[in-house]
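Worksheet: one structure, shown below.
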Amino acid sequence: MRTLRLFLYGIPAALLILLAAAFINATFLSVAKKNEMSIGTLGEPSTLNPIQQADSASSQVGALIFNGLIKYNQDLEVVGDLATGWKLSQETTFRFATDEAAAKALETLNTNRARPGLTATSGFSNWPIIGLLTKGTNLIVTLSQPGLKDSEDMTQALASSDLHPIPFPPLEPDGKERPFKAEPVIRFTLRDGVRWHDGAPFSSADVAFTWRAIMNEKVASPRRSDFDLVDSVETPDPRTVVVRYKKPFSPALLAWMTAILPEHLLGKLDPAKWPELYNRAPVGTGPFRFGGWRTNEFIRLKKNPDYFLGSPWLDSVVFRVLPDPLTLQLAFQTRQVDFWAVDPWSVKGLQDDPRFTLFTSPGNAYNYIGWNLRRPMFQDLKVRQALAQAVNVPQMIKYILYGHGVQSTGIFTPQMWFFDPSVKPLPFDPEAAKRLLDEAGWRPGPDGIRVKDGRRFSFTLLANNGNEVRRDIATLVQDDLKRVGIEVKVEIYEWAVLLKRFVNKGEFDAIVLGWGLGYDFDQYGIWHSSQTHPEELNFIGFSDPKVDHLLTDLRQEYARPEIIRLAGELQRTIYGQQPYLFLFVPQGSEVMWKGAYRLRHPGPDGAWIDEPVRMTKAGWSYDMEWFYRPEYPPTAKANSITR
Amino acid sequence: MTFFILRRLGLSLALLFLISIISFFIVTLTPGSPYPWGELNPKISAEVKANFRKKFHLDRPLPEQYALIMRDLFTGDLRSIKDDRPVLSRILERLPATLALNFTSILISLSFGTLLGVYAARNAGRWQDMTGSFVAFLFIALPSFWISYLLAIVLVKGFHVPILGTHSYGIGFPNAFAAGLDTLWHLLLPATVLAIGGIAAQSRYLRATMIGTLREDYIRTARSKGLAEETVLYKHALRNSVRPLVTGIGMLLPALLSGAVIVENIFAYPGMGRLGYEAVLERDYPTLVALNFVVAALVLLGNLLSDLLYAAVDPRVRLE
């Protein structure tokens, strides 16, 4: 009986004592922090293999482990990363029936090119020719600027001398024959002395391998479409990579921001084994090495003292998976994580709090309502304009984003270098909206809802569950449109359901969604009329010949001023058509404990810059690998590196 | 006895088979389908999507998918849609944390439940019992997410104590003892929240049976023999009142696994509940089917064990 009582009272008593001891221990834990940065993420990364990941949780971690050939600098300009430089060129090939014809063509181009005073208006321009030679019946012209326009000019010049090249078969199965073959070439020069985390030297073979891996069906890389047009990747020497494309495609350069994988580890390994042997313990070239991964708990990275730009100041970085937004906030308040992405409604309280530093980024995504243009009621431009003017977007920004956002003026956001600031948003004007609806034949019916040809103006607006901003948008739109005599039924579905049942099939009336697309001017997939099939992204069924042309021209244009011109025209044209109701670009806000970190990073001239953590065009966390804790200042020894 | 166990095991296997079919169809017939590329991603070509579907047999008819999933489950080839790793190793790596949490939680609910149950039965009808009943029903009624949030806010805002995960981060511990206590703290907290409902339920069961037992003739005999009240209570009455507790253990296991989903999420505890929850959101069919299978097997095993225990504590029960 004594034992029984011992158990009966002993176990609870022991548990209480343990709980009390653990609590006291937790309260008195030393506040001396290790030289470790702690970052909280809501989602668990799926894989640390950069060519297989598509989620932001994974890429956030991967960015510290890997390098691409190129990267954005803090002003969002493209600069070298593993590459020190690159040269763009293009080989245009004309072929003729005979060797003589080819030789004559060479002669023609040479004289035209040499003749002064010829401008684009007279048919020929000053072609940027850097090489001109014949190979049998082929005439190969090397241009310093890729693109189709110069080659088309040359075709005309040849035609005017009665030289007609033999066309090439089309690239796409249903495409047209091409008068010439235009093959852009990028020649990368790689950085010297870079080593993988395991000590093996990095070389051009790794770049070629990464390309082969992305194209390998077994790897199932989501980046594959970026490299579809690559014809070959050659490695004439360990420091040089030559990439040849099948046709001009200007967004292709940016694809080389893709992280490079180590051939010596993966080259002979079956991709089926990657998930266990590599993807959870990757080896890269970046500032941090992989240090450990406990699923649903943390991923720890350790500094790479041999990093090619010098050793980071932090000993380690830990990414903690904290799936609940409220507890993530609590973790920030106990300094268990160093940063916290703030919801718009909390910003005001934190702005003036002397304990924190708040970073606000302009945002690079926009929210919109997509009208399904297959539905007759949305096919009239006047109706779409009326809808845009009936919805009070500034009020939305005020009440949903608490003022932390700007009104969207089309498919690009103000952060992008090709954004056209001259586009002004349609003003909120319910009276004008009513007039437009009247003009379009939608007259108020007996119940106040507008009617045309016996049909009431009533539609269903979809949004996805779990996204409060979109749910609120739907509610406000419902209210605004009711005032101009349009009935909106709001339906909320879980994301996976929304996608499968409505979006992929294009079977919906209107939908609240958002796009966050990086800094890419190529919007072909979303707006081209060929992309309206099930599961494609022009799910609203938008089709406009002018937009189609602009989209195609844009992805073949390499010259910066031309890209700005075409992108501006694209933005204006689409905004004029109002296929979406463009709503707003939300700003992102994050807080850090004041003074928790400083930054000591290599400046553009190679000298070290020491400064507080600050906002750049590329975000406050752009130089994260160079953050340091003031209580662990960078040592002079670690500074003396050769670059 | 052996025959009983064998027969129950056989029945359990048949049941598991049925459960696997039902859970597969519930999982796959739920609207939506896996889309592992975040939100709409323009870079994903139709070809990549087709390859993905082929790889995970999503292009096959459902019955065939079921057969393939079961085949892969038993050969150990079943891979998660999320990270392409074998599902079994994903589940196994969670098992220690889950077992630690649930074992601790059962320990807490049984020990405190018994203590409070005996106390309530002893004071049946008096104010102590009334208060106890009120608190017990309150505990049963309070949702665990609410208690979790409240506890989290109080501990963090009031005491600045780290509570998430399995240990504190970014801190140098003075010695292994402090580190151990810290780990214990991170275990006891979610375990206590999970146990709150269990404590209340156990104490109510025990109180009810114990009151019945205390009215038995042999208790009166024991008392009239002049035995100490303690002896009567613990030796005679309690032993004959623990049967419902034993049944309770069998029912605790499934309840804990389902309740743990929310608590594990809030406390960022890396257990199986979270694995399942995330798999549901991601439509990770292989993980879900395998997880359902493992949990169903555990529950059936728990039931069997509780029946055996029942026979062990109550000689009147025969297993045949």
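Convention: chains lettered A, B, ... in structure tokens order; per-chain residue numbering from 1; ligands numbered from 1 as shown.
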Please find the residues of chain A near chain B - the criterion being any atom within 7 Å, counting only C-alpha atoms - and write them as an MDAnalysis selection string. chainID A and resid 1 8 11:12 19 22:23 25:27 31:34 36 46:47 54:55 220 222:223 225 275:276 296:297 322:324 327 330:331 334 336 496:497 500 525 537
Keeping only N, CA, C and O atoms, write the selected residues to a file as a short mmCIF file (atom, residue, chain, number, x, y, z; two decimals), in the first residue's frame.
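And here's part28.cif as it stands now:
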data_model
loop_
_atom_site.label_atom_id
_atom_site.label_comp_id
_atom_site.auth_asym_id
_atom_site.auth_seq_id
_atom_site.Cartn_x
_atom_site.Cartn_y
_atom_site.Cartn_z
N MET A 1 0.82 -1.19 0.00
CA MET A 1 0.00 0.00 0.00
C MET A 1 0.86 1.26 0.00
O MET A 1 0.53 2.26 -0.60
N LEU A 8 0.95 7.32 -6.21
CA LEU A 8 -0.20 8.20 -6.33
C LEU A 8 0.18 9.66 -6.06
O LEU A 8 -0.23 10.55 -6.79
N ILE A 11 4.29 10.66 -8.20
CA ILE A 11 4.43 11.04 -9.61
C ILE A 11 3.96 12.47 -9.87
O ILE A 11 4.70 13.28 -10.42
N PRO A 12 2.75 12.83 -9.42
CA PRO A 12 2.37 14.24 -9.63
C PRO A 12 3.32 15.21 -8.95
O PRO A 12 3.68 16.23 -9.55
N LEU A 19 8.47 20.56 -13.47
CA LEU A 19 7.92 21.69 -14.23
C LEU A 19 8.42 23.01 -13.64
O LEU A 19 8.84 23.91 -14.38
N ALA A 22 12.09 23.43 -14.45
CA ALA A 22 12.28 23.77 -15.86
C ALA A 22 11.88 25.21 -16.12
O ALA A 22 12.52 25.93 -16.88
N PHE A 23 10.81 25.64 -15.45
CA PHE A 23 10.35 27.01 -15.63
C PHE A 23 11.37 28.01 -15.11
O PHE A 23 11.72 28.98 -15.78
N ASN A 25 14.50 27.48 -14.66
CA ASN A 25 15.65 27.39 -15.56
C ASN A 25 15.43 28.26 -16.79
O ASN A 25 16.31 29.02 -17.20
N ALA A 26 14.20 28.17 -17.36
CA ALA A 26 13.91 28.92 -18.58
C ALA A 26 13.91 30.42 -18.31
O ALA A 26 14.32 31.21 -19.15
N THR A 27 13.46 30.82 -17.10
CA THR A 27 13.41 32.25 -16.79
C THR A 27 14.81 32.82 -16.59
O THR A 27 15.08 33.95 -16.94
N VAL A 31 21.18 35.39 -21.06
CA VAL A 31 20.78 36.12 -22.25
C VAL A 31 21.95 36.30 -23.20
O VAL A 31 21.81 36.89 -24.26
N ALA A 32 23.13 35.80 -22.82
CA ALA A 32 24.29 35.90 -23.70
C ALA A 32 24.03 35.08 -24.96
O ALA A 32 23.89 33.86 -24.90
N LYS A 33 23.89 35.79 -26.07
CA LYS A 33 23.55 35.09 -27.31
C LYS A 33 24.81 34.54 -27.96
O LYS A 33 25.88 35.12 -27.86
N LYS A 34 24.62 33.40 -28.63
CA LYS A 34 25.72 32.90 -29.44
C LYS A 34 25.84 33.77 -30.68
O LYS A 34 24.93 34.53 -31.01
N GLU A 36 25.05 33.71 -33.56
CA GLU A 36 24.20 32.97 -34.49
C GLU A 36 23.00 33.82 -34.85
O GLU A 36 22.41 34.46 -33.99
N SER A 46 11.17 22.48 -48.78
CA SER A 46 10.92 21.14 -49.28
C SER A 46 12.23 20.43 -49.60
O SER A 46 12.38 19.25 -49.36
N THR A 47 13.17 21.17 -50.17
CA THR A 47 14.44 20.57 -50.54
C THR A 47 15.47 21.68 -50.60
O THR A 47 15.14 22.82 -50.89
N ALA A 54 10.83 25.16 -55.55
CA ALA A 54 10.00 26.22 -56.09
C ALA A 54 9.33 27.01 -54.98
O ALA A 54 8.52 27.87 -55.25
N ASP A 55 9.63 26.72 -53.72
CA ASP A 55 8.99 27.44 -52.62
C ASP A 55 9.96 28.46 -52.03
O ASP A 55 11.16 28.28 -52.04
N ALA A 220 13.28 16.53 -62.87
CA ALA A 220 12.00 17.26 -62.81
C ALA A 220 12.18 18.67 -62.28
O ALA A 220 11.51 19.09 -61.34
N PRO A 222 11.77 22.54 -61.87
CA PRO A 222 10.80 23.57 -62.26
C PRO A 222 11.44 24.70 -63.06
O PRO A 222 10.75 25.55 -63.59
N ARG A 223 12.77 24.74 -63.16
CA ARG A 223 13.43 25.80 -63.92
C ARG A 223 13.63 25.43 -65.38
O ARG A 223 14.27 26.14 -66.14
N SER A 225 11.87 25.35 -68.06
CA SER A 225 11.40 26.19 -69.17
C SER A 225 12.36 27.37 -69.40
O SER A 225 12.42 27.90 -70.51
N PRO A 275 17.33 13.03 -53.38
CA PRO A 275 16.58 13.49 -52.21
C PRO A 275 17.20 13.03 -50.88
O PRO A 275 17.20 13.79 -49.92
N GLU A 276 17.72 11.82 -50.82
CA GLU A 276 18.28 11.37 -49.55
C GLU A 276 19.74 11.75 -49.38
O GLU A 276 20.18 12.07 -48.29
N ASN A 296 10.96 19.96 -39.50
CA ASN A 296 9.95 20.71 -38.74
C ASN A 296 10.54 21.43 -37.53
O ASN A 296 9.81 21.92 -36.70
N GLU A 297 11.84 21.44 -37.41
CA GLU A 297 12.45 22.18 -36.31
C GLU A 297 13.38 23.28 -36.82
O GLU A 297 13.11 24.44 -36.64
N LEU A 322 8.48 27.74 -37.73
CA LEU A 322 7.47 28.06 -36.73
C LEU A 322 6.15 28.29 -37.46
O LEU A 322 5.91 29.38 -37.97
N PRO A 323 5.31 27.26 -37.53
CA PRO A 323 4.19 27.30 -38.47
C PRO A 323 3.06 28.23 -38.07
O PRO A 323 2.21 28.52 -38.87
N ASP A 324 3.04 28.70 -36.84
CA ASP A 324 1.90 29.49 -36.40
C ASP A 324 2.29 30.98 -36.34
O ASP A 324 3.24 31.34 -35.66
N THR A 327 2.64 32.53 -32.73
CA THR A 327 3.79 32.11 -31.94
C THR A 327 5.09 32.56 -32.58
O THR A 327 6.08 32.76 -31.89
N LEU A 330 5.60 35.70 -31.04
CA LEU A 330 6.07 35.54 -29.67
C LEU A 330 7.54 35.15 -29.65
O LEU A 330 8.31 35.59 -28.79
N ALA A 331 7.95 34.33 -30.62
CA ALA A 331 9.36 33.93 -30.69
C ALA A 331 10.23 35.16 -30.93
O ALA A 331 11.33 35.27 -30.40
N THR A 334 10.68 37.06 -27.66
CA THR A 334 11.65 36.49 -26.72
C THR A 334 13.03 36.40 -27.36
O THR A 334 13.89 35.68 -26.87
N GLN A 336 13.95 34.81 -29.79
CA GLN A 336 14.28 33.48 -30.30
C GLN A 336 14.47 33.53 -31.81
O GLN A 336 15.13 32.68 -32.39
N ALA A 496 -5.99 24.65 -53.06
CA ALA A 496 -5.90 23.51 -53.98
C ALA A 496 -7.20 23.32 -54.74
O ALA A 496 -7.21 22.96 -55.92
N VAL A 497 -8.32 23.59 -54.06
CA VAL A 497 -9.63 23.42 -54.69
C VAL A 497 -9.85 24.52 -55.72
O VAL A 497 -10.30 24.27 -56.85
N LYS A 500 -7.86 23.71 -58.87
CA LYS A 500 -8.26 22.57 -59.68
C LYS A 500 -9.65 22.76 -60.27
O LYS A 500 -9.88 22.46 -61.44
N GLY A 525 3.62 34.14 -70.65
CA GLY A 525 2.78 33.06 -70.13
C GLY A 525 1.44 33.54 -69.60
O GLY A 525 0.47 32.80 -69.57
N LEU A 537 -1.69 29.95 -67.82
CA LEU A 537 -1.88 31.04 -66.87
C LEU A 537 -2.66 32.23 -67.38
O LEU A 537 -3.01 33.11 -66.62
#
Check: CA of Leu481 (chain A) to CA of Ala390 (chain A): how many Å, to one decimal?
Finding: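 Here the two named atoms are 6.2 Å from each other.
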Please identify the helix (DSSP H, G or I) residues within region 143-302 of chain A (assignment by DSSP from backbone atoms) and present them as a PDB file with C-alpha atoms, in the first residue's frame.
ATOM      1  CA  LYS A 149      16.004  43.196 -86.168  1.00  0.00           C
ATOM      2  CA  ASP A 150      19.544  43.506 -87.570  1.00  0.00           C
ATOM      3  CA  SER A 151      19.356  40.096 -89.167  1.00  0.00           C
ATOM      4  CA  GLU A 152      16.017  40.980 -90.758  1.00  0.00           C
ATOM      5  CA  ASP A 153      17.593  44.183 -92.101  1.00  0.00           C
ATOM      6  CA  MET A 154      20.409  42.144 -93.590  1.00  0.00           C
ATOM      7  CA  THR A 155      17.947  39.806 -95.260  1.00  0.00           C
ATOM      8  CA  GLN A 156      16.395  42.841 -96.917  1.00  0.00           C
ATOM      9  CA  ALA A 157      19.769  44.183 -97.955  1.00  0.00           C
ATOM     10  CA  LEU A 158      20.582  40.829 -99.537  1.00  0.00           C
ATOM     11  CA  ALA A 159      17.191  40.689-101.254  1.00  0.00           C
ATOM     12  CA  SER A 160      17.778  44.089-102.804  1.00  0.00           C
ATOM     13  CA  SER A 204      33.069  25.357 -65.931  1.00  0.00           C
ATOM     14  CA  ALA A 205      32.269  21.633 -65.878  1.00  0.00           C
ATOM     15  CA  ASP A 206      29.955  22.310 -62.921  1.00  0.00           C
ATOM     16  CA  VAL A 207      28.053  24.887 -64.967  1.00  0.00           C
ATOM     17  CA  ALA A 208      27.615  22.517 -67.885  1.00  0.00           C
ATOM     18  CA  PHE A 209      26.527  19.797 -65.480  1.00  0.00           C
ATOM     19  CA  THR A 210      23.934  22.068 -63.852  1.00  0.00           C
ATOM     20  CA  TRP A 211      22.409  22.748 -67.247  1.00  0.00           C
ATOM     21  CA  ARG A 212      22.303  19.032 -68.086  1.00  0.00           C
ATOM     22  CA  ALA A 213      20.722  18.318 -64.697  1.00  0.00           C
ATOM     23  CA  ILE A 214      18.006  20.933 -65.194  1.00  0.00           C
ATOM     24  CA  MET A 215      17.189  19.445 -68.585  1.00  0.00           C
ATOM     25  CA  GLU A 217      13.660  14.579 -67.054  1.00  0.00           C
ATOM     26  CA  LYS A 218      14.420  12.543 -63.939  1.00  0.00           C
ATOM     27  CA  VAL A 219      15.406  15.683 -62.042  1.00  0.00           C
ATOM     28  CA  ARG A 224      13.430  23.754 -67.078  1.00  0.00           C
ATOM     29  CA  SER A 225      11.405  26.193 -69.167  1.00  0.00           C
ATOM     30  CA  ASP A 226      14.095  28.855 -68.565  1.00  0.00           C
ATOM     31  CA  PHE A 227      16.611  26.723 -70.423  1.00  0.00           C
ATOM     32  CA  SER A 250      16.324  38.005 -73.989  1.00  0.00           C
ATOM     33  CA  PRO A 251      15.069  36.781 -70.575  1.00  0.00           C
ATOM     34  CA  ALA A 252      17.512  33.886 -70.967  1.00  0.00           C
ATOM     35  CA  LEU A 253      20.439  35.704 -69.363  1.00  0.00           C
ATOM     36  CA  LEU A 254      18.576  36.064 -66.060  1.00  0.00           C
ATOM     37  CA  ALA A 255      18.123  32.292 -65.918  1.00  0.00           C
ATOM     38  CA  TRP A 256      21.824  32.031 -65.062  1.00  0.00           C
ATOM     39  CA  MET A 257      21.031  33.318 -61.597  1.00  0.00           C
ATOM     40  CA  GLU A 263      29.397  17.897 -60.730  1.00  0.00           C
ATOM     41  CA  HIS A 264      31.958  15.952 -58.735  1.00  0.00           C
ATOM     42  CA  LEU A 265      29.258  14.937 -56.235  1.00  0.00           C
ATOM     43  CA  LEU A 266      26.158  14.620 -58.389  1.00  0.00           C
ATOM     44  CA  PRO A 271      18.808  11.699 -59.541  1.00  0.00           C
ATOM     45  CA  ALA A 272      16.447   9.268 -57.768  1.00  0.00           C
ATOM     46  CA  LYS A 273      18.995   9.153 -54.939  1.00  0.00           C
ATOM     47  CA  TRP A 274      19.443  12.932 -54.665  1.00  0.00           C
ATOM     48  CA  PRO A 275      16.581  13.492 -52.206  1.00  0.00           C
ATOM     49  CA  GLU A 276      18.276  11.365 -49.552  1.00  0.00           C
ATOM     50  CA  LEU A 277      21.960  11.848 -50.342  1.00  0.00           C
TER      51      LEU A 277
END
Just want the 10 Å neighbourhood of Glu100 (chain A), counted on only C-alpha atoms, with same-chain residues fewer than 6 positions away dropped. Output as an mmCIF file with all heavy atoms, in the first residue's frame.
data_model
loop_
_atom_site.group_PDB
_atom_site.id
_atom_site.type_symbol
_atom_site.label_atom_id
_atom_site.label_comp_id
_atom_site.auth_asym_id
_atom_site.auth_seq_id
_atom_site.Cartn_x
_atom_site.Cartn_y
_atom_site.Cartn_z
ATOM 1 N N LEU A 106 28.440 37.944 -98.786
ATOM 2 C CA LEU A 106 29.424 38.530 -97.876
ATOM 3 C C LEU A 106 29.856 39.895 -98.396
ATOM 4 O O LEU A 106 29.896 40.886 -97.654
ATOM 5 C CB LEU A 106 30.622 37.595 -97.737
ATOM 6 C CG LEU A 106 31.684 37.997 -96.704
ATOM 7 C CD1 LEU A 106 32.219 36.749 -96.016
ATOM 8 C CD2 LEU A 106 32.834 38.773 -97.313
ATOM 9 N N THR A 134 32.460 33.174 -94.619
ATOM 10 C CA THR A 134 31.684 32.143 -95.304
ATOM 11 C C THR A 134 32.287 30.791 -94.979
ATOM 12 O O THR A 134 33.493 30.648 -94.789
ATOM 13 C CB THR A 134 31.716 32.327 -96.839
ATOM 14 O OG1 THR A 134 33.081 32.397 -97.237
ATOM 15 C CG2 THR A 134 30.964 33.553 -97.253
ATOM 16 N N GLY A 136 31.698 27.348 -96.815
ATOM 17 C CA GLY A 136 31.002 26.668 -97.909
ATOM 18 C C GLY A 136 29.858 27.530 -98.408
ATOM 19 O O GLY A 136 30.047 28.701 -98.733
ATOM 20 N N THR A 137 28.658 26.967 -98.369
ATOM 21 C CA THR A 137 27.496 27.729 -98.851
ATOM 22 C C THR A 137 26.892 28.595 -97.762
ATOM 23 O O THR A 137 25.893 29.256 -97.977
ATOM 24 C CB THR A 137 26.410 26.770 -99.364
ATOM 25 O OG1 THR A 137 26.044 25.912 -98.284
ATOM 26 C CG2 THR A 137 26.899 25.940 -100.524
#
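Contact shell of Met210 (chain B) at 7 Å (only C-alpha atoms; same-chain neighbours under 6 positions omitted): Ala121, Ala237, Leu238 and Ser241 of chain B.
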Those residues with N, CA and C atoms, as a PDB file, in the first residue's frame please?
ATOM      1  N   ALA B 121     -13.862  11.742  -4.944  1.00  0.00           N
ATOM      2  CA  ALA B 121     -14.727  10.673  -4.454  1.00  0.00           C
ATOM      3  C   ALA B 121     -14.787  10.707  -2.926  1.00  0.00           C
ATOM      4  N   ALA B 237     -10.608   0.225  -2.047  1.00  0.00           N
ATOM      5  CA  ALA B 237     -11.501   0.909  -2.990  1.00  0.00           C
ATOM      6  C   ALA B 237     -10.816   1.218  -4.327  1.00  0.00           C
ATOM      7  N   LEU B 238      -9.623   1.784  -4.265  1.00  0.00           N
ATOM      8  CA  LEU B 238      -8.990   2.250  -5.510  1.00  0.00           C
ATOM      9  C   LEU B 238      -8.722   1.096  -6.469  1.00  0.00           C
ATOM     10  N   SER B 241     -11.428   0.209  -8.555  1.00  0.00           N
ATOM     11  CA  SER B 241     -12.042   1.279  -9.338  1.00  0.00           C
ATOM     12  C   SER B 241     -11.212   1.669 -10.558  1.00  0.00           C
TER      13      SER B 241
END
Can you check which residues of region 414-634 of chain A DSSP gives as strand (DSSP E or B) on the backbone and send them as a ChimeraX atom specification?
/A:443-444,450-452,455-456,458-464,487-493,510-516,580-586,588-593,598-602,608-612,627-628
Quiz item: CA of Ser105 (chain B) and CA of Asn123 (chain B), how far apart in Å?
Solution: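 Distance reported for this atom pair: 26.6 Å.
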From CA of Val585 (chain A) to CA of Ala365 (chain A) the spacing works out at 5.8 Å
inquiry  = What's around region 246-250 of chain B at 6 Å? Count only C-alpha atoms, leave out sequence neighbours fewer than 6 positions away in its own chain, and write the answer as a ChimeraX atom specification.
reply    = /B:302-303,306
query = A:Leu570, A:Leu309, A:Ile411, A:Leu18: which is nearest Trp515 (chain A), counting only C-alpha atoms?
reply =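 Of A:Leu570, A:Leu309, A:Ile411, A:Leu18, the one nearest Trp515 (chain A) is A:Ile411, counting only C-alpha atoms.
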Min atom-atom distance to Pro362 (chain A) from the set A:Ser589, A:Gln52, A:Thr98, A:Ser59, counting only C-alpha atoms, belongs to A:Ser589
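With distances restricted to only C-alpha atoms, B:Ala124 is the closest residue to Arg215 (chain B) from B:Ala124, B:Leu95, B:Leu288, B:Ala195.
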